[in-house]
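Chemist: So here's upload_15.pdb (PDB, C-alpha atoms).
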```
ATOM      1  CA  MET A   1      95.640  87.616  92.353
ATOM      2  CA  LYS A   2      92.047  88.389  91.428
ATOM      3  CA  LYS A   3      91.901  85.349  89.166
ATOM      4  CA  ASN A   4      93.165  82.875  91.780
ATOM      5  CA  PHE A   5      91.923  84.559  94.967
ATOM      6  CA  PRO A   6      88.981  86.806  93.989
ATOM      7  CA  SER A   7      87.957  87.564  97.559
ATOM      8  CA  ILE A   8      91.288  89.191  98.511
ATOM      9  CA  PRO A   9      91.069  92.226  96.156
ATOM     10  CA  GLU A  10      87.418  92.697  97.107
ATOM     11  CA  TRP A  11      88.336  92.632 100.793
ATOM     12  CA  LEU A  12      91.270  95.040 100.304
ATOM     13  CA  GLY A  13      89.014  97.329  98.244
ATOM     14  CA  LYS A  14      86.899  97.958 101.337
ATOM     15  CA  PHE A  15      89.783  99.824 102.991
ATOM     16  CA  GLU A  16      89.500 103.194 101.289
ATOM     17  CA  PHE A  17      89.419 106.740 102.570
ATOM     18  CA  TYR A  18      88.164 109.366 100.108
ATOM     19  CA  ASN A  19      88.851 106.947  97.234
ATOM     20  CA  VAL A  20      92.451 106.390  98.397
ATOM     21  CA  SER A  21      93.447 102.791  98.999
ATOM     22  CA  ILE A  22      94.810 102.442 102.519
ATOM     23  CA  PRO A  23      96.752  99.188 101.747
ATOM     24  CA  THR A  24      98.420 100.865  98.767
ATOM     25  CA  THR A  25      99.259 103.913 100.870
ATOM     26  CA  ILE A  26     100.842 101.725 103.542
ATOM     27  CA  LEU A  27     102.886  99.828 100.960
ATOM     28  CA  LEU A  28     104.093 103.093  99.395
ATOM     29  CA  TRP A  29     105.226 104.369 102.793
ATOM     30  CA  ILE A  30     107.022 101.078 103.471
ATOM     31  CA  MET A  31     108.839 101.640 100.184
ATOM     32  CA  ILE A  32     109.637 105.354 100.718
ATOM     33  CA  TYR A  33     110.261 105.611 104.457
ATOM     34  CA  PRO A  34     113.679 103.867 104.549
ATOM     35  CA  MET A  35     114.909 106.191 101.807
ATOM     36  CA  MET A  36     113.634 109.237 103.687
ATOM     37  CA  LEU A  37     115.581 108.196 106.792
ATOM     38  CA  LYS A  38     118.836 108.447 104.864
ATOM     39  CA  ILE A  39     118.338 112.067 103.849
ATOM     40  CA  ASP A  40     120.751 114.530 105.386
ATOM     41  CA  PHE A  41     118.321 117.402 105.887
ATOM     42  CA  LYS A  42     121.180 119.794 106.704
ATOM     43  CA  SER A  43     122.497 119.376 103.171
ATOM     44  CA  ILE A  44     119.237 120.719 101.704
ATOM     45  CA  LYS A  45     120.397 124.291 102.319
ATOM     46  CA  ASP A  46     123.289 123.703  99.884
ATOM     47  CA  ILE A  47     121.029 122.832  96.975
ATOM     48  CA  GLY A  48     120.773 126.500  96.009
ATOM     49  CA  LYS A  49     124.476 126.369  95.125
ATOM     50  CA  ASN A  50     123.659 124.070  92.187
ATOM     51  CA  PRO A  51     120.163 124.944  90.945
ATOM     52  CA  LYS A  52     120.727 123.543  87.431
ATOM     53  CA  GLY A  53     119.137 120.210  88.340
ATOM     54  CA  LEU A  54     116.018 121.912  89.632
ATOM     55  CA  PHE A  55     115.661 124.022  86.494
ATOM     56  CA  ILE A  56     116.109 120.940  84.309
ATOM     57  CA  THR A  57     113.514 119.043  86.365
ATOM     58  CA  TRP A  58     110.997 121.873  86.128
ATOM     59  CA  PHE A  59     111.597 122.316  82.385
ATOM     60  CA  VAL A  60     111.228 118.607  81.653
ATOM     61  CA  ASN A  61     108.214 118.145  83.959
ATOM     62  CA  TRP A  62     106.263 121.205  82.818
ATOM     63  CA  ILE A  63     107.336 121.757  79.193
ATOM     64  CA  ILE A  64     108.793 118.604  77.623
ATOM     65  CA  LYS A  65     106.609 115.934  79.239
ATOM     66  CA  PRO A  66     103.216 117.620  78.748
ATOM     67  CA  LEU A  67     104.099 118.515  75.159
ATOM     68  CA  SER A  68     105.350 115.021  74.341
ATOM     69  CA  MET A  69     102.322 113.431  76.031
ATOM     70  CA  TYR A  70     100.050 115.753  74.062
ATOM     71  CA  LEU A  71     101.673 114.795  70.764
ATOM     72  CA  ILE A  72     101.808 111.043  71.467
ATOM     73  CA  SER A  73      98.273 110.976  72.874
ATOM     74  CA  SER A  74      96.917 112.997  69.965
ATOM     75  CA  LEU A  75      98.469 110.497  67.579
ATOM     76  CA  PHE A  76      96.845 107.559  69.327
ATOM     77  CA  PHE A  77      93.482 108.995  70.373
ATOM     78  CA  PHE A  78      92.697 111.078  67.285
ATOM     79  CA  ILE A  79      94.395 109.071  64.532
ATOM     80  CA  ILE A  80      95.175 105.444  65.439
ATOM     81  CA  TYR A  81      92.095 104.827  67.644
ATOM     82  CA  LYS A  82      89.834 107.211  65.736
ATOM     83  CA  GLY A  83      87.468 104.416  64.779
ATOM     84  CA  PHE A  84      87.172 103.110  68.342
ATOM     85  CA  ILE A  85      86.487 106.220  70.438
ATOM     86  CA  ASN A  86      84.540 109.377  69.720
ATOM     87  CA  LYS A  87      86.118 112.826  69.607
ATOM     88  CA  GLU A  88      84.757 113.942  73.006
ATOM     89  CA  LEU A  89      86.129 110.869  74.780
ATOM     90  CA  ALA A  90      89.432 111.249  72.924
ATOM     91  CA  SER A  91      89.686 114.827  74.233
ATOM     92  CA  GLU A  92      89.087 113.638  77.789
ATOM     93  CA  TYR A  93      91.694 110.892  77.425
ATOM     94  CA  LEU A  94      94.093 113.456  75.990
ATOM     95  CA  ALA A  95      93.656 115.748  79.005
ATOM     96  CA  GLY A  96      94.211 112.824  81.393
ATOM     97  CA  ALA A  97      97.318 111.671  79.533
ATOM     98  CA  VAL A  98      98.841 115.154  79.639
ATOM     99  CA  LEU A  99      98.185 115.404  83.393
ATOM    100  CA  LEU A 100      99.645 111.960  84.019
ATOM    101  CA  GLY A 101     102.655 112.807  81.904
ATOM    102  CA  ALA A 102     103.312 116.030  83.802
ATOM    103  CA  ALA A 103     102.975 114.611  87.305
ATOM    104  CA  PRO A 104     105.506 111.888  88.065
ATOM    105  CA  CYS A 105     104.758 109.435  90.839
ATOM    106  CA  THR A 106     106.551 110.767  93.917
ATOM    107  CA  ALA A 107     107.276 107.297  95.246
ATOM    108  CA  MET A 108     108.875 106.216  91.989
ATOM    109  CA  VAL A 109     111.076 109.302  91.850
ATOM    110  CA  PHE A 110     112.551 108.291  95.197
ATOM    111  CA  VAL A 111     112.994 104.701  94.002
ATOM    112  CA  TRP A 112     114.713 105.836  90.791
ATOM    113  CA  SER A 113     116.998 108.090  92.801
ATOM    114  CA  LYS A 114     117.888 105.236  95.133
ATOM    115  CA  LEU A 115     118.516 102.809  92.258
ATOM    116  CA  THR A 116     120.849 105.274  90.553
ATOM    117  CA  ARG A 117     122.603 106.159  93.821
ATOM    118  CA  GLY A 118     121.367 109.740  93.467
ATOM    119  CA  ASP A 119     121.532 112.478  96.055
ATOM    120  CA  SER A 120     118.479 111.846  98.245
ATOM    121  CA  ALA A 121     118.395 115.401  99.614
ATOM    122  CA  TYR A 122     118.412 116.826  96.100
ATOM    123  CA  THR A 123     115.693 114.368  95.108
ATOM    124  CA  LEU A 124     113.597 115.482  98.064
ATOM    125  CA  VAL A 125     113.826 119.129  96.996
ATOM    126  CA  GLN A 126     113.041 118.253  93.380
ATOM    127  CA  VAL A 127     109.961 116.257  94.415
ATOM    128  CA  ALA A 128     108.817 118.860  96.948
ATOM    129  CA  SER A 129     109.185 121.746  94.498
ATOM    130  CA  ASN A 130     107.354 119.799  91.795
ATOM    131  CA  ASP A 131     104.560 118.975  94.248
ATOM    132  CA  LEU A 132     104.326 122.645  95.232
ATOM    133  CA  ILE A 133     103.939 123.578  91.585
ATOM    134  CA  ILE A 134     101.177 120.976  91.221
ATOM    135  CA  PHE A 135      99.361 122.124  94.369
ATOM    136  CA  HIS A 136      99.710 125.771  93.396
ATOM    137  CA  GLY A 137      98.275 125.004  89.972
ATOM    138  CA  ILE A 138      95.351 123.028  91.384
ATOM    139  CA  PHE A 139      94.377 125.629  93.958
ATOM    140  CA  ARG A 140      94.849 128.487  91.532
ATOM    141  CA  LYS A 141      92.585 126.782  89.007
ATOM    142  CA  ALA A 142      90.069 126.079  91.775
ATOM    143  CA  ALA A 143      90.072 129.756  92.710
ATOM    144  CA  ILE A 144      89.725 130.849  89.090
ATOM    145  CA  PHE A 145      86.831 128.475  88.441
ATOM    146  CA  ASN A 146      85.409 128.923  91.964
ATOM    147  CA  CYS A 147      85.514 125.180  92.677
ATOM    148  CA  SER A 148      84.428 124.675  96.249
ATOM    149  CA  SER A 149      85.124 120.921  96.122
ATOM    150  CA  LEU A 150      88.918 121.397  96.113
TER
END
```
Show this structure as structure tokens.

Modeler:
Amino acid sequence: MKKNFPSIPEWLGKFEFYNVSIPTTILLWIMIYPMMLKIDFKSIKDIGKNPKGLFITWFVNWIIKPLSMYLISSLFFFIIYKGFINKELASEYLAGAVLLGAAPCTAMVFVWSKLTRGDSAYTLVQVASNDLIIFHGIFRKAAIFNCSSL
């Protein structure tokens, strides 16, 4: 779009709030909202009867994915691209890759669940619990490092 209509991305880029794109946020909600309407919130209380899926999600999200992202990123940033980026920048890229690998996009999790005809209530609990882990980790780190900006 930027190549053919360069003024449109510039114009859309003006609609930001704390570095969050408002048009993107609206489009994400248009994508997620219909799926959220189909959730039977009463069935959420039954999720505790089958916690295996939650444990698998937590294990994959917080053990497997960060470790695999660390290994893959280390291979690329410190070995394959060694001649292109310095060690300090490679370390920063590595940290970003691990964080991105550990934190799945909430909107996409709902889309994947919908595409696979998954249980939307279970998906909601998985996403919410993962987000709580992320928020807890961020605020705990902020408290440890006394970061007033978070």

Chemist: Name every residue that the PyMOL selection byres ((chain A and resi 126) around 12) selects in this structure, writing the answer as a VMD selection string with chains first and numbers rising.

Modeler: chain A and resid 44 47 to 48 51 to 61 104 106 109 to 110 113 118 to 125 127 to 133

Chemist: Quote the spacing between CA of Gly101 in chain A and CA of Tyr18 in chain A in Å to one decimal place.

Modeler: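 Computed distance, CA of Gly101 in chain A to CA of Tyr18 in chain A, equals 23.5 Å.
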
Chemist: Any idea what's packed within 12 Å of Phe77 in chain A, counting all atoms listed in the file, ignoring anything in its chain fewer than 4 positions away? Could you give it as a list in words?

Modeler: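 Residues meeting the cut-off are Met69, Tyr70, Leu71, Ile72, Ser73, Tyr81, Lys82, Gly83, Phe84, Ile85, Asn86, Lys87, Glu88, Leu89, Ala90, Ser91, Glu92, Tyr93, Leu94, Ala95, Gly96 and Ala97 of chain A.
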
Chemist: Listed atoms of range 49-59 of chain A, axis-aligned box, 4 Å per side: centre and edge lengths to one decimal in Å, as JSON?

Modeler:
```
{"center_x": 117.7, "center_y": 122.7, "center_z": 88.8, "size_x": 21.5, "size_y": 15.3, "size_z": 20.7}
```

Chemist: Please identify all polymer residues within 8 Å of Met31 in chain A, counting only C-alpha atoms, omitting same-chain residues fewer than 4 positions from it, and present them as a CSV table (one decimal) with C-alpha atoms, in the frame of the given file.

Modeler:
```
chain,number,residue,atom,x,y,z
A,27,LEU,CA,102.9,99.8,101.0
A,35,MET,CA,114.9,106.2,101.8
A,107,ALA,CA,107.3,107.3,95.2
```

Chemist: Which is closest to Arg117 in chain A among A:Lys65, A:Lys49, A:Lys38, A:His136, if we use only C-alpha atoms?

Modeler: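 Comparing A:Lys65, A:Lys49, A:Lys38, A:His136 against Arg117 in chain A, the winner is A:Lys38.
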
Chemist: Using all atoms listed in the file, which of A:Ala102, A:Phe15, A:Thr24, A:Glu10 sits nearest Ile134 in chain A?

Modeler: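 Looking at the shortest contact to Ile134 in chain A, the residue is A:Ala102.
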
Chemist: Interatomic distance between CA of Trp112 in chain A and CA of Leu28 in chain A?

Modeler: 13.9 Å

Chemist: CA of Trp62 in chain A and CA of Leu99 in chain A, how far apart in Å?

Modeler: 10.0 Å
